[in-house]
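K.L.:
Just passing along the structure, written as structure tokens.
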Amino acid sequence: NAGVTQTPKFRVLKTGQSMTLLCAQDMNHEYMYWYRQDPGMGLRLIHYSVGEGTTAKGEVPDGYNVSRLKKQNFLLGLESAAPSQTSVYFCASRPPLAGGQRGGELFFGEGSRLTVL
Amino acid sequence: AQSVAQPEDQVNVAEGNPLTVKCTYSVSGNPYLFWYVQYPNRGLQFLLKYITGDNLVKGSYGFEAEFNKSQTSFHLKKPSALVSDSALYFCAVRGYQKVTFGTGTKLQVIP
């Protein structure tokens, strides 16, 4: 019962390098999200997806790209990393709201800590 | 655009005393509101939610929250704080598809 798994957990990059963060969920959720967490700024939405093959921009999408080729996976890419992208990245997924009080809450991964030098 | 405000960066409370962590929101349509907790170097964990129905919702670990539509608030409460409640707490609002978080409130429970 893995839930939401993020890889890698830690990564150090040099400015200009590229990398991809992988998020995998085994709960058959339609909705998936990428957030970044920075001190004093809470969680800010980078990109999200409402289903396989769909993606949309969040609050801070610049410098990032995403893909959702399979329902269970949501990839976050940095094509040319910058020091401003040093952050902790969280992936989350959720089921749709069902009847009454069911559903809607996010399930989070443990985070990926990225440092860009 | 939807938004969440958590006006306090940190809340200090003595163990055994009641605690309140404040949250106000702005969203079009019906508000779907959530509280999450984050322990150091961990992901966020769901505590409780308001979707519809009673204004007082109960969640995990003895926490509850009061929804007030006229004040657009969703404050987190607990009758008696534990040292183990010390953590970072986030309020969130779900709009049409996006989920927006506040900046977080650090709760420090003093023994």
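Just remember, in the structure tokens the first chain shown is A, the second B, etc., residues are 1-based per chain, and ligands are 1-based in the order shown.
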What are the residues of chain B that have an atom within 8 Å of an atom of chain A, counting only C-alpha atoms, as a ChimeraX atom specification?
P.N.:
/B:34,41-46,49-52,90,97-104
K.L.:
Name all residues at most 7 Å from stretch 7-10 of chain B (count only C-alpha atoms; drop same-chain ones fewer than 5 positions away) and give them as a tab-separated table (two decimals) with C-alpha atoms, in the first residue's frame.
P.N.:
chain	number	residue	atom	x	y	z
B	22	LYS	CA	-6.89	30.68	12.28
B	104	GLY	CA	1.14	27.66	7.14
B	105	THR	CA	1.12	28.19	10.91
B	106	LYS	CA	3.74	26.66	13.14
B	107	LEU	CA	2.15	25.34	16.31
K.L.:
With only C-alpha atoms as the basis for distance, which of A:Trp34, A:Ala2, A:Cys23, A:Gly63 is at the shortest distance from A:Pro83?
P.N.:
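Going through A:Trp34, A:Ala2, A:Cys23, A:Gly63 one by one, the smallest distance to A:Pro83 is for A:Gly63.
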K.L.:
If I take atom CA of A:Leu117 and atom CA of A:Ser67, how far is one from the other in Å, to one decimal?
P.N.:
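Atom CA of A:Ser67 lies 25.5 Å from atom CA of A:Leu117.
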K.L.:
Residues of chain A classed as strand (DSSP E) by DSSP on the backbone are to be reported as a VMD selection string.
P.N.:
chain A and resid 4 to 7 10 to 13 19 to 25 31 to 38 42 to 49 56 to 57 65 to 67 73 to 78 87 to 94 107 to 108 112 to 116
K.L.:
Please return as a PyMOL selection string: the residues of chain B that backbone DSSP assigns to helix (DSSP H, G or I).
P.N.:
chain B and resi 60-62+83-85
K.L.:
Can you tell me which residues surround B:Val27 at a distance of at most 10 Å, considering only C-alpha atoms, apart from same-chain residues fewer than 4 positions away, and format the answer as a PyMOL selection string?
P.N.:
chain B and resi 1-4+31-32+72+93-96+100
K.L.:
Would you work out the distance separating atom CA of B:Gln6 from atom CA of B:Ser84, expressed in Å to one decimal?
P.N.:
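So the answer is 21.4 Å.
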K.L.:
Would you mind listing what lies within 10 Å of B:Ala81 as a list in words, with only C-alpha atoms counted and same-chain residues fewer than 2 positions away left out?
P.N.:
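The neighbour list is Val13, Ala14, Glu15, Gly16, Asn17, Pro18, Leu19, Thr20, Gly62, Phe63, Lys77, Lys78, Pro79, Val83, Ser84, Asp85, Ser86, Leu107, Gln108, Val109, Ile110 and Pro111 of chain B.
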K.L.:
Just want the 7 Å neighbourhood of A:Asp26, counted on only C-alpha atoms, with same-chain residues fewer than 5 positions away dropped. Output as a ChimeraX atom specification.
P.N.:
/A:2-4,72
K.L.:
Measuring atom to atom with only C-alpha atoms, identify which of B:Cys91, B:Tyr25, B:Ser80, B:His75 is nearest to B:Val57.
P.N.:
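For B:Val57, the nearest of the given residues is B:His75.
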K.L.:
Set the distance at 9 Å and use only C-alpha atoms: which residues neighbour A:Gly16 once local chain neighbours fewer than 4 positions away are removed? I'd like the list as a PyMOL selection string.
P.N.:
chain A and resi 79-82+116
K.L.:
Go ahead and save the picked residues with C-alpha atoms, as a CSV table (one decimal), in the first residue's frame.
P.N.:
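Result file is again_7.csv:
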chain,number,residue,atom,x,y,z
A,79,GLU,CA,14.8,21.8,-18.6
A,80,SER,CA,17.4,24.3,-17.4
A,81,ALA,CA,17.6,24.5,-13.6
A,82,ALA,CA,18.1,27.8,-11.9
A,116,VAL,CA,20.4,24.1,-7.6
